[in-house]
file query_28.csv (CSV, C-alpha atoms)
chain,number,residue,atom,x,y,z
A,184,MET,CA,97.7,173.0,35.0
A,185,ASP,CA,95.3,175.4,33.5
A,186,GLN,CA,92.9,173.5,31.1
A,187,LEU,CA,93.6,176.0,28.4
A,188,PHE,CA,97.2,174.8,28.2
A,189,LEU,CA,96.1,171.3,27.8
A,190,LYS,CA,94.3,171.9,24.5
A,191,ARG,CA,97.4,172.4,22.4
A,192,VAL,CA,98.7,168.9,23.1
A,193,ARG,CA,98.6,166.5,26.1
A,194,ALA,CA,99.3,162.9,26.9
A,195,GLU,CA,96.5,161.2,28.8
A,196,ILE,CA,97.7,158.4,31.0
A,197,ASP,CA,95.0,156.0,31.9
A,198,LEU,CA,95.8,154.5,35.3
A,199,SER,CA,93.0,152.1,35.2
A,200,ALA,CA,94.5,150.6,32.0
A,201,ALA,CA,97.9,150.3,33.8
A,202,GLU,CA,96.2,148.5,36.7
A,203,LYS,CA,94.4,146.1,34.4
A,204,ASN,CA,97.7,145.3,32.5
A,205,LEU,CA,99.6,144.5,35.7
A,206,SER,CA,96.7,142.3,37.0
A,207,ALA,CA,96.7,140.4,33.7
A,208,LEU,CA,100.4,140.0,33.6
A,209,LYS,CA,100.6,138.6,37.2
A,210,LYS,CA,98.6,135.5,35.9
A,211,PHE,CA,101.7,134.4,34.0
A,212,LEU,CA,103.7,134.0,37.2
A,213,ASP,CA,103.8,131.6,40.1
A,214,LEU,CA,103.6,134.4,42.6
A,215,SER,CA,104.8,132.2,45.4
A,216,ARG,CA,108.2,131.9,43.5
A,217,THR,CA,108.3,134.9,41.2
A,218,LYS,CA,107.5,138.5,42.1
A,219,PRO,CA,106.7,141.2,39.6
A,220,ALA,CA,109.3,143.9,39.4
A,221,CYS,CA,108.0,147.0,37.6
A,222,VAL,CA,110.4,148.7,35.3
A,223,ILE,CA,109.7,152.4,35.4
A,224,LYS,CA,112.9,153.8,34.0
A,225,ALA,CA,112.9,156.7,31.5
A,226,ASN,CA,110.1,158.4,33.5
A,227,GLY,CA,108.0,155.3,33.2
A,228,TYR,CA,108.7,154.9,29.5
A,229,GLY,CA,107.3,158.5,29.2
A,230,HIS,CA,104.2,157.8,31.2
A,231,GLY,CA,105.3,159.2,34.6
A,232,ASP,CA,107.4,157.3,37.0
A,233,THR,CA,106.2,158.5,40.4
A,234,GLU,CA,102.5,158.3,39.5
A,235,LEU,CA,102.9,154.7,38.2
A,236,MET,CA,105.1,153.8,41.2
A,237,HIS,CA,102.3,154.8,43.6
A,238,LEU,CA,99.7,152.9,41.6
A,239,TYR,CA,101.8,149.7,41.5
A,240,GLN,CA,102.8,150.1,45.2
A,241,ASP,CA,99.2,150.3,46.1
A,242,MET,CA,98.7,147.1,44.2
A,243,GLY,CA,101.3,145.3,46.3
A,244,VAL,CA,104.4,145.7,44.2
A,245,ASP,CA,107.5,146.1,46.3
A,246,PHE,CA,110.3,145.9,43.6
A,247,PHE,CA,111.1,148.6,41.0
A,248,CYS,CA,113.8,148.9,38.4
A,249,VAL,CA,115.2,152.0,36.9
A,250,SER,CA,118.2,153.0,34.8
A,251,ASN,CA,120.3,155.4,36.8
A,252,ILE,CA,120.8,157.1,40.2
A,253,PRO,CA,118.7,160.2,39.6
A,254,GLU,CA,115.7,158.0,38.6
A,255,ALA,CA,116.2,155.9,41.7
A,256,LEU,CA,116.5,158.9,44.0
A,257,ARG,CA,113.4,160.5,42.4
A,258,LEU,CA,111.3,157.4,43.4
A,259,ARG,CA,112.7,157.2,46.9
A,260,GLU,CA,112.2,160.9,47.5
A,261,ASN,CA,108.6,160.6,46.2
A,262,GLY,CA,107.6,157.8,48.6
A,263,CYS,CA,108.8,154.6,47.2
A,264,LYS,CA,108.9,152.1,50.1
A,265,GLY,CA,110.0,149.1,48.1
A,266,GLU,CA,113.2,147.9,46.7
A,267,ILE,CA,114.8,149.9,43.8
A,268,LEU,CA,117.3,148.3,41.5
A,269,ILE,CA,119.4,150.3,39.1
A,270,LEU,CA,119.8,148.1,36.0
A,271,SER,CA,122.7,150.0,34.4
A,272,GLN,CA,126.2,150.7,35.7
A,273,SER,CA,126.4,153.5,38.2
A,274,VAL,CA,129.1,156.0,38.9
A,275,PRO,CA,131.3,154.4,41.6
A,276,GLU,CA,131.9,157.8,43.2
A,277,ALA,CA,128.2,157.9,44.0
A,278,THR,CA,128.1,154.6,45.9
A,279,ASP,CA,127.4,156.1,49.3
A,280,ILE,CA,124.4,158.0,47.9
A,281,LEU,CA,123.0,154.6,47.0
A,282,SER,CA,123.7,153.1,50.4
A,283,GLY,CA,122.2,156.1,52.1
A,284,SER,CA,118.9,155.7,50.2
A,285,ASN,CA,118.8,151.9,50.4
A,286,ILE,CA,119.1,151.5,46.6
A,287,ILE,CA,120.5,148.3,44.9
A,288,CYS,CA,123.4,148.8,42.6
A,289,ALA,CA,124.2,146.8,39.5
A,290,VAL,CA,127.8,145.4,39.2
A,291,VAL,CA,128.9,144.7,35.6
A,292,SER,CA,132.5,143.5,36.1
A,293,VAL,CA,135.1,142.7,38.6
A,294,GLU,CA,136.8,146.0,37.8
A,295,ASN,CA,133.5,147.8,38.4
A,296,ALA,CA,133.1,146.1,41.7
A,297,ARG,CA,136.6,147.1,42.8
A,298,GLU,CA,135.9,150.7,42.0
A,299,ILE,CA,132.6,150.6,43.9
A,300,SER,CA,134.4,149.0,46.9
A,301,ARG,CA,137.2,151.6,46.8
A,302,HIS,CA,134.7,154.5,47.0
A,303,ALA,CA,132.2,152.9,49.5
A,304,THR,CA,132.4,153.8,53.1
A,305,LYS,CA,129.5,151.6,54.0
A,306,PRO,CA,128.0,148.4,52.6
A,307,VAL,CA,126.4,148.7,49.2
A,308,ARG,CA,123.7,146.2,48.1
A,309,THR,CA,124.4,144.8,44.7
A,310,HIS,CA,123.0,142.6,42.0
A,311,ILE,CA,125.6,141.3,39.6
A,312,LYS,CA,124.9,141.4,35.9
A,313,LEU,CA,125.8,138.2,34.0
A,314,ASP,CA,126.3,138.2,30.2
A,315,THR,CA,124.6,135.2,28.7
A,316,GLY,CA,124.6,136.3,25.1
A,317,MET,CA,123.4,139.9,24.9
A,318,ASN,CA,127.1,141.0,24.8
A,319,ARG,CA,126.3,144.4,26.2
A,320,VAL,CA,127.6,144.4,29.8
A,321,GLY,CA,128.1,141.8,32.5
A,322,ILE,CA,130.4,139.0,33.5
A,323,ARG,CA,130.4,136.2,30.9
A,324,ALA,CA,128.6,133.2,32.0
A,325,ASP,CA,129.8,130.8,29.4
A,326,ASP,CA,132.2,129.0,31.8
A,327,ARG,CA,130.1,128.7,35.0
A,328,SER,CA,133.1,127.9,37.2
A,329,GLU,CA,135.1,130.9,36.0
A,330,CYS,CA,132.0,133.1,36.4
A,331,ALA,CA,131.4,131.8,39.9
A,332,SER,CA,135.1,132.5,40.8
A,333,GLU,CA,134.7,136.1,39.7
A,334,ILE,CA,131.6,136.5,41.7
A,335,LYS,CA,133.4,135.0,44.7
A,336,GLU,CA,136.1,137.6,44.3
A,337,ILE,CA,133.5,140.4,44.1
A,338,ALA,CA,131.7,139.1,47.2
A,339,SER,CA,135.0,139.2,49.2
A,340,LEU,CA,135.6,142.9,48.5
A,341,PRO,CA,135.0,145.4,51.4
A,342,ASN,CA,131.6,146.9,51.5
A,343,ILE,CA,130.2,144.9,48.6
A,344,LYS,CA,127.1,143.0,49.6
A,345,VAL,CA,126.1,140.5,46.9
A,346,GLU,CA,122.3,139.9,47.0
A,347,GLY,CA,121.5,138.7,43.5
A,348,VAL,CA,122.5,138.0,39.9
A,349,PHE,CA,120.6,138.9,36.8
A,350,THR,CA,120.8,138.7,33.0
A,351,HIS,CA,118.9,140.1,30.0
A,352,LEU,CA,117.3,138.0,27.3
A,353,ALA,CA,118.1,139.3,23.8
A,354,VAL,CA,115.4,137.7,21.6
A,355,ALA,CA,112.7,136.5,24.0
A,356,ASP,CA,110.2,138.5,21.9
A,357,SER,CA,110.9,136.4,18.8
A,358,THR,CA,109.1,133.2,17.9
A,359,ALA,CA,111.7,132.2,15.2
A,360,PRO,CA,112.9,128.7,16.1
A,361,GLU,CA,116.6,129.7,16.2
A,362,ASN,CA,115.8,132.6,18.6
A,363,VAL,CA,113.6,130.4,20.8
A,364,SER,CA,116.6,128.1,21.1
A,365,PHE,CA,118.9,131.0,21.8
A,366,THR,CA,116.7,132.2,24.7
A,367,LYS,CA,116.7,128.7,26.2
A,368,GLU,CA,120.4,128.7,25.9
A,369,GLN,CA,120.7,132.0,27.7
A,370,MET,CA,118.5,130.9,30.5
A,371,GLY,CA,120.4,127.6,30.8
A,372,LYS,CA,123.7,129.5,31.1
A,373,PHE,CA,122.2,131.8,33.7
A,374,PHE,CA,120.7,129.3,36.0
A,375,SER,CA,123.8,127.0,35.7
A,376,ALA,CA,126.0,129.9,36.7
A,377,ALA,CA,123.7,130.9,39.5
A,378,ASP,CA,123.8,127.3,40.9
A,379,ALA,CA,127.6,127.3,40.7
A,380,ILE,CA,127.7,130.7,42.6
A,381,GLU,CA,125.5,129.3,45.4
A,382,LYS,CA,127.6,126.1,45.6
A,383,MET,CA,130.6,128.4,46.4
A,384,GLY,CA,128.8,129.5,49.5
A,385,ILE,CA,127.3,132.8,48.2
A,386,PRO,CA,123.6,132.9,49.0
A,387,LEU,CA,121.5,134.7,46.3
A,388,LEU,CA,118.3,136.3,47.5
A,389,HIS,CA,117.4,137.0,43.8
A,390,LYS,CA,118.1,135.3,40.5
A,391,HIS,CA,116.3,137.0,37.7
A,392,CYS,CA,116.3,136.7,33.9
A,393,LEU,CA,112.8,137.4,32.8
A,394,ASN,CA,112.0,140.6,30.9
A,395,SER,CA,108.5,141.3,29.5
A,396,ALA,CA,108.6,138.8,26.7
A,397,GLY,CA,110.6,136.3,28.8
A,398,ALA,CA,107.9,136.3,31.5
A,399,ILE,CA,105.1,135.8,29.0
A,400,PHE,CA,106.6,133.3,26.6
A,401,HIS,CA,109.5,131.6,28.5
A,402,TYR,CA,108.4,131.7,32.2
A,403,ASP,CA,110.7,129.8,34.6
A,404,SER,CA,109.8,129.8,38.2
A,405,ARG,CA,113.5,129.7,39.2
A,406,SER,CA,113.5,133.4,38.3
A,407,THR,CA,112.7,135.2,41.5
A,408,LEU,CA,111.6,138.4,39.7
A,409,ALA,CA,109.8,139.1,36.4
A,410,ARG,CA,110.9,142.5,35.2
A,411,PHE,CA,107.8,143.8,33.4
A,412,GLY,CA,108.5,146.8,31.3
A,413,ILE,CA,106.8,147.7,28.0
A,414,VAL,CA,103.9,145.4,28.5
A,415,LEU,CA,102.9,147.4,31.6
A,416,TYR,CA,102.1,150.3,29.3
A,417,GLY,CA,100.0,148.2,26.9
A,418,LEU,CA,102.5,147.8,24.1
A,419,LYS,CA,104.0,144.7,22.6
A,420,PRO,CA,107.7,143.8,23.0
A,421,ASP,CA,107.5,143.4,19.2
A,422,PHE,CA,104.5,144.8,17.3
A,423,ALA,CA,104.4,141.7,15.1
A,424,LEU,CA,103.9,139.4,18.1
A,425,GLU,CA,100.6,137.6,18.7
A,426,MET,CA,100.1,138.2,22.4
A,427,PRO,CA,98.4,135.6,24.7
A,428,VAL,CA,97.1,138.4,26.8
A,429,LYS,CA,94.9,141.5,26.1
A,430,LEU,CA,96.8,144.6,27.0
A,431,GLU,CA,95.4,148.1,27.1
A,432,PRO,CA,97.5,151.1,25.9
A,433,VAL,CA,98.0,153.4,28.8
A,434,MET,CA,99.0,156.6,26.9
A,435,SER,CA,96.9,158.5,24.5
A,436,VAL,CA,98.1,161.7,22.8
A,437,LYS,CA,95.6,164.4,22.0
A,438,SER,CA,95.8,167.8,20.3
A,439,MET,CA,93.4,170.1,18.5
A,440,VAL,CA,92.7,171.8,15.2
A,441,SER,CA,94.2,175.2,15.1
A,442,MET,CA,93.3,176.2,11.6
A,443,VAL,CA,91.1,175.0,8.7
A,444,LYS,CA,91.7,176.2,5.1
A,445,THR,CA,90.9,175.3,1.6
A,446,ILE,CA,93.9,174.9,-0.8
A,447,HIS,CA,93.6,174.7,-4.6
A,448,LYS,CA,94.9,172.3,-7.2
A,449,GLY,CA,98.7,172.8,-7.6
A,450,ASP,CA,99.2,174.3,-4.1
A,451,THR,CA,101.9,172.9,-2.0
A,452,VAL,CA,102.1,172.3,1.8
A,453,SER,CA,104.9,172.7,4.4
A,454,TYR,CA,108.7,172.8,4.1
A,455,GLY,CA,110.2,171.4,1.0
A,456,ARG,CA,106.9,171.5,-0.9
A,457,THR,CA,106.8,167.7,-0.8
A,458,TYR,CA,103.0,167.6,-1.1
A,459,THR,CA,101.2,169.1,-4.1
A,460,ALA,CA,97.3,169.1,-4.2
A,461,ASP,CA,95.9,167.3,-7.1
A,462,SER,CA,92.5,169.0,-6.6
A,463,ASP,CA,91.0,171.5,-4.2
A,464,ARG,CA,91.5,170.1,-0.6
A,465,VAL,CA,90.6,171.1,2.9
A,466,ILE,CA,93.6,171.1,5.2
A,467,ALA,CA,93.6,171.2,9.0
A,468,THR,CA,96.7,172.4,10.9
A,469,ILE,CA,97.5,170.7,14.3
A,470,PRO,CA,99.8,172.4,16.8
A,471,CYS,CA,102.0,169.4,17.5
A,472,GLY,CA,105.3,168.5,15.9
A,473,TYR,CA,108.6,166.8,16.3
A,474,ALA,CA,109.5,168.9,19.3
A,475,ASP,CA,106.6,167.3,21.1
A,476,GLY,CA,108.0,163.8,20.1
A,477,TYR,CA,105.9,163.2,17.0
A,478,PRO,CA,108.4,161.8,14.6
A,479,ARG,CA,109.3,163.9,11.5
A,480,ILE,CA,110.0,160.7,9.6
A,481,LEU,CA,106.2,160.2,9.5
A,482,SER,CA,105.8,163.1,7.1
A,483,GLY,CA,103.3,162.2,4.4
A,484,LYS,CA,102.7,158.7,5.9
A,485,ASN,CA,100.9,159.5,9.2
A,486,GLU,CA,97.2,159.6,10.0
A,487,VAL,CA,95.3,161.2,12.9
A,488,LEU,CA,91.8,160.8,14.2
A,489,ILE,CA,89.3,163.6,13.9
A,490,HIS,CA,85.6,163.1,14.7
A,491,GLY,CA,86.4,159.4,14.8
A,492,LYS,CA,87.7,159.3,11.2
A,493,ARG,CA,91.2,159.0,9.8
A,494,ALA,CA,92.8,162.1,8.3
A,495,LYS,CA,96.0,161.7,6.3
A,496,GLY,CA,99.1,163.7,6.9
A,497,VAL,CA,100.2,166.0,4.1
A,498,GLY,CA,103.6,167.7,3.8
A,499,ARG,CA,106.4,167.6,6.3
A,500,VAL,CA,105.8,167.4,10.0
A,501,CYS,CA,107.2,170.7,11.5
A,502,MET,CA,108.8,171.3,14.9
A,503,ASP,CA,105.5,172.6,16.4
A,504,GLN,CA,102.8,171.8,13.8
A,505,MET,CA,101.6,169.3,11.2
A,506,MET,CA,98.9,169.4,8.5
A,507,VAL,CA,96.3,166.8,7.6
A,508,ASP,CA,93.7,166.4,4.8
A,509,ILE,CA,90.2,166.7,6.2
A,510,THR,CA,88.4,167.0,2.8
A,511,ASP,CA,86.2,164.0,3.5
A,512,ILE,CA,85.5,164.7,7.1
A,513,GLU,CA,82.5,167.0,7.5
A,514,GLY,CA,82.1,169.8,10.1
A,515,VAL,CA,85.7,170.1,11.3
A,516,SER,CA,86.2,173.4,13.1
A,517,VAL,CA,89.1,175.2,15.0
A,518,GLY,CA,89.3,173.8,18.5
A,519,ASP,CA,88.1,170.3,17.6
A,520,GLU,CA,90.0,167.5,19.4
A,521,VAL,CA,92.5,165.5,17.4
A,522,THR,CA,93.8,162.1,18.5
A,523,LEU,CA,97.4,161.3,17.5
A,524,ILE,CA,97.7,158.2,19.6
A,525,GLY,CA,94.6,156.5,21.0
A,526,ARG,CA,91.1,155.5,20.2
A,527,GLU,CA,88.1,157.5,18.8
A,528,VAL,CA,84.8,155.7,18.3
A,529,SER,CA,85.8,152.5,16.4
A,530,GLU,CA,89.2,153.7,15.1
A,531,GLU,CA,92.5,153.4,16.9
A,532,ILE,CA,96.1,154.5,16.3
A,533,THR,CA,98.6,152.9,18.7
A,534,ALA,CA,102.1,153.7,19.5
A,535,ASP,CA,103.0,150.4,17.8
A,536,ASP,CA,101.2,151.5,14.6
A,537,ILE,CA,103.2,154.7,14.6
A,538,ALA,CA,106.4,152.8,15.3
A,539,GLU,CA,105.8,150.4,12.3
A,540,LEU,CA,105.4,153.4,10.0
A,541,ALA,CA,108.5,155.1,11.4
A,542,GLY,CA,110.6,151.9,11.2
A,543,THR,CA,111.2,151.7,14.9
A,544,ILE,CA,109.6,150.2,18.0
A,545,GLY,CA,106.8,151.4,20.3
A,546,TYR,CA,109.2,151.9,23.1
A,547,GLU,CA,110.9,154.8,21.2
A,548,ILE,CA,107.5,156.4,20.4
A,549,VAL,CA,106.2,156.6,24.0
A,550,CYS,CA,109.6,157.4,25.5
A,551,GLY,CA,110.0,160.2,22.9
A,552,ILE,CA,106.9,162.1,23.8
A,553,SER,CA,108.7,165.2,25.1
A,554,GLY,CA,108.7,166.9,28.5
A,555,ARG,CA,106.9,169.9,27.1
A,556,VAL,CA,103.8,167.7,26.6
A,557,PRO,CA,101.9,167.7,29.9
A,558,ARG,CA,100.8,164.4,31.3
A,559,VAL,CA,97.2,164.2,32.5
A,560,TYR,CA,96.3,161.2,34.7
A,561,ILE,CA,92.8,159.8,34.3
A,562,ASN,CA,90.8,156.7,35.3
A,563,ARG,CA,88.4,155.6,32.7
call {"tool": "encode", "arguments": {"input": "query_28.csv", "output": "structure tokens"}}
result
Amino acid sequence: MDQLFLKRVRAEIDLSAAEKNLSALKKFLDLSRTKPACVIKANGYGHGDTELMHLYQDMGVDFFCVSNIPEALRLRENGCKGEILILSQSVPEATDILSGSNIICAVVSVENAREISRHATKPVRTHIKLDTGMNRVGIRADDRSECASEIKEIASLPNIKVEGVFTHLAVADSTAPENVSFTKEQMGKFFSAADAIEKMGIPLLHKHCLNSAGAIFHYDSRSTLARFGIVLYGLKPDFALEMPVKLEPVMSVKSMVSMVKTIHKGDTVSYGRTYTADSDRVIATIPCGYADGYPRILSGKNEVLIHGKRAKGVGRVCMDQMMVDITDIEGVSVGDEVTLIGREVSEEITADDIAELAGTIGYEIVCGISGRVPRVYINR
């Protein structure tokens, strides 16, 4: 892409940071028992799925997780040689597409399995989702015998090849005693059900329950995969967590100063006139807004970095622009770089920082950086 088009706004994706994060995370695993499975759904949480797939594949990763069929096909068509598991329920009518591309399908119920079997003309590889307390999708694992019987019925269906079972931990990212107990209970249900399934004569190549927080805080070598997601990108599963590993944010978002002006006492800024100057102020306009994925809810609360210093947002964030107060930052000119997410000198604004201000989670911030923001891949 022409460098001129990158000045307005761009997301810089630091592949060296992604590599360091995965290397650090592997140390939490007994790699002889548990393999890392890189979760690169939602376009790699906004970072770029195929680019990260190639990086992780070069690092020896041979298992990837996505959310849906188009994401899976995109990886396969762009050179993914490893296993690809679709974590969410797929459209049964598309079953043969999965088989044709050697993609593993999630099964969430007996009824779902019957529909897949009805549409399949060739064997489809499946991992069956067990519900151990998330109560979102999956076969309930409370009664392990009943659960095993349902899996046996699924395994007997034509063209259904059961290769594994998995579950999702609801509060593995919480250190509250009641939530630690809940996570242990979930894992106990899961492995108990998996044992019962295998005793019924159904061999399981994979049994996996570890998400990012699960792998770091509740590692169990009986889980054959650790589904690393948000931590690959240098963010915390919960921004309040004290992490036992140093992670480096992979995404920075940069823009520029498009205008500098002095406003006077009593002047207002942006839609709704929500900001009124209490004295003469110098205001910089930045050509990035909520259509680029910068949350409007941050209006009047946000900060950006210019010349390594913090500039406070004033007025409402617009669709394509925002304004900040640069009165106390000397020498700011049109064209100067602005950091919305990332580090400048000794100051840093992370996606988790923005999430805390916005009342959400870092996942939503990075996933929300829109498609009109070009991704630039770098190695620092």
call {"tool": "closest_residue", "arguments": {"input": "query_28.csv", "among": "A:His237, A:Lys264, A:Arg456, A:Arg526", "to": "Pro432 (chain A)", "atoms": "all atoms listed in the file"}}
result
A:Arg526
call {"tool": "closest_residue", "arguments": {"input": "query_28.csv", "among": "A:Ala377, A:Ile548, A:Cys248, A:Val433", "to": "Tyr473 (chain A)", "atoms": "all atoms listed in the file"}}
result
A:Ile548
call {"tool": "closest_residue", "arguments": {"input": "query_28.csv", "among": "A:Ile466, A:Leu238, A:Ala474, A:Val517", "to": "Ser453 (chain A)", "atoms": "all atoms listed in the file"}}
result
A:Ile466
call {"tool": "atom_distance", "arguments": {"input": "query_28.csv", "atom1": "CA of Ala538 (chain A)", "atom2": "CA of Leu481 (chain A)"}}
result
9.4 Å
call {"tool": "residues_around", "arguments": {"input": "query_28.csv", "residues": "Val307 (chain A)", "least_positions_apart": "6", "cutoff": "10 Å", "atoms": "all atoms listed in the file", "output": "list in words"}}
result
Thr278, Asp279, Ile280, Leu281, Ser282, Gly283, Asn285, Ile286, Ile287, Cys288, Ile299, Ser300, Pro341, Asn342, Ile343, Lys344, Val345 and Glu346 of chain A
call {"tool": "write_last_selection", "arguments": {"input": "query_28.csv", "atoms": "C-alpha atoms", "output": "compact mmCIF listing (two decimals), in the coordinates of the input"}}
result
# COMPACT_ATOMS: atom_id res chain seq x y z
CA THR A 278 128.10 154.60 45.90
CA ASP A 279 127.40 156.10 49.30
CA ILE A 280 124.40 158.00 47.90
CA LEU A 281 123.00 154.60 47.00
CA SER A 282 123.70 153.10 50.40
CA GLY A 283 122.20 156.10 52.10
CA ASN A 285 118.80 151.90 50.40
CA ILE A 286 119.10 151.50 46.60
CA ILE A 287 120.50 148.30 44.90
CA CYS A 288 123.40 148.80 42.60
CA ILE A 299 132.60 150.60 43.90
CA SER A 300 134.40 149.00 46.90
CA PRO A 341 135.00 145.40 51.40
CA ASN A 342 131.60 146.90 51.50
CA ILE A 343 130.20 144.90 48.60
CA LYS A 344 127.10 143.00 49.60
CA VAL A 345 126.10 140.50 46.90
CA GLU A 346 122.30 139.90 47.00
call {"tool": "atom_distance", "arguments": {"input": "query_28.csv", "atom1": "CA of Ser482 (chain A)", "atom2": "CA of Val500 (chain A)"}}
result
5.2 Å
call {"tool": "residues_near_point", "arguments": {"input": "query_28.csv", "point": "(106.4, 142.4, 26.2)", "cutoff": "6 Å", "atoms": "all atoms listed in the file", "output": "list in words"}}
result
Ser395, Ala396, Ile413, Val414, Lys419 and Pro420 of chain A
call {"tool": "closest_residue", "arguments": {"input": "query_28.csv", "among": "A:Gly412, A:Ser284, A:Ser406, A:Gly347", "to": "Pro386 (chain A)", "atoms": "all atoms listed in the file"}}
result
A:Gly347
call {"tool": "atom_distance", "arguments": {"input": "query_28.csv", "atom1": "CA of Lys209 (chain A)", "atom2": "CA of Asn226 (chain A)"}}
result
22.3 Å
call {"tool": "build_atoms", "arguments": {"input": "query_28.csv", "residues": "region 324-336 of chain A", "atoms": "N, CA, C and O atoms", "output": "mmCIF file, in the coordinates of the input"}}
result
data_model
loop_
_atom_site.group_PDB
_atom_site.id
_atom_site.type_symbol
_atom_site.label_atom_id
_atom_site.label_comp_id
_atom_site.auth_asym_id
_atom_site.auth_seq_id
_atom_site.Cartn_x
_atom_site.Cartn_y
_atom_site.Cartn_z
ATOM 1 N N ALA A 324 129.010 134.353 31.328
ATOM 2 C CA ALA A 324 128.600 133.200 32.000
ATOM 3 C C ALA A 324 128.801 131.883 31.267
ATOM 4 O O ALA A 324 128.300 130.819 31.657
ATOM 5 N N ASP A 325 129.575 131.955 30.187
ATOM 6 C CA ASP A 325 129.800 130.800 29.400
ATOM 7 C C ASP A 325 130.465 129.635 30.182
ATOM 8 O O ASP A 325 130.060 128.474 30.099
ATOM 9 N N ASP A 326 131.504 129.994 30.935
ATOM 10 C CA ASP A 326 132.200 129.000 31.800
ATOM 11 C C ASP A 326 131.668 129.290 33.228
ATOM 12 O O ASP A 326 132.069 130.243 33.881
ATOM 13 N N ARG A 327 130.787 128.428 33.700
ATOM 14 C CA ARG A 327 130.100 128.700 35.000
ATOM 15 C C ARG A 327 131.090 128.735 36.142
ATOM 16 O O ARG A 327 130.918 129.501 37.089
ATOM 17 N N SER A 328 132.135 127.902 36.090
ATOM 18 C CA SER A 328 133.100 127.900 37.200
ATOM 19 C C SER A 328 133.901 129.160 37.243
ATOM 20 O O SER A 328 134.115 129.735 38.311
ATOM 21 N N GLU A 329 134.335 129.630 36.069
ATOM 22 C CA GLU A 329 135.100 130.900 36.000
ATOM 23 C C GLU A 329 134.200 132.051 36.455
ATOM 24 O O GLU A 329 134.634 132.946 37.199
ATOM 25 N N CYS A 330 132.953 132.017 36.006
ATOM 26 C CA CYS A 330 132.000 133.100 36.400
ATOM 27 C C CYS A 330 131.805 133.071 37.898
ATOM 28 O O CYS A 330 131.851 134.133 38.540
ATOM 29 N N ALA A 331 131.611 131.898 38.480
ATOM 30 C CA ALA A 331 131.400 131.800 39.900
ATOM 31 C C ALA A 331 132.630 132.297 40.690
ATOM 32 O O ALA A 331 132.500 132.944 41.739
ATOM 33 N N SER A 332 133.822 132.005 40.169
ATOM 34 C CA SER A 332 135.100 132.500 40.800
ATOM 35 C C SER A 332 135.129 133.986 40.837
ATOM 36 O O SER A 332 135.552 134.601 41.824
ATOM 37 N N GLU A 333 134.713 134.612 39.733
ATOM 38 C CA GLU A 333 134.700 136.100 39.700
ATOM 39 C C GLU A 333 133.713 136.660 40.660
ATOM 40 O O GLU A 333 133.990 137.669 41.326
ATOM 41 N N ILE A 334 132.560 136.022 40.776
ATOM 42 C CA ILE A 334 131.600 136.500 41.700
ATOM 43 C C ILE A 334 132.076 136.346 43.162
ATOM 44 O O ILE A 334 131.858 137.219 44.017
ATOM 45 N N LYS A 335 132.793 135.250 43.408
ATOM 46 C CA LYS A 335 133.400 135.000 44.700
ATOM 47 C C LYS A 335 134.353 136.133 45.082
ATOM 48 O O LYS A 335 134.391 136.634 46.229
ATOM 49 N N GLU A 336 135.167 136.523 44.092
ATOM 50 C CA GLU A 336 136.100 137.600 44.300
ATOM 51 C C GLU A 336 135.380 138.910 44.633
ATOM 52 O O GLU A 336 135.759 139.663 45.550
#
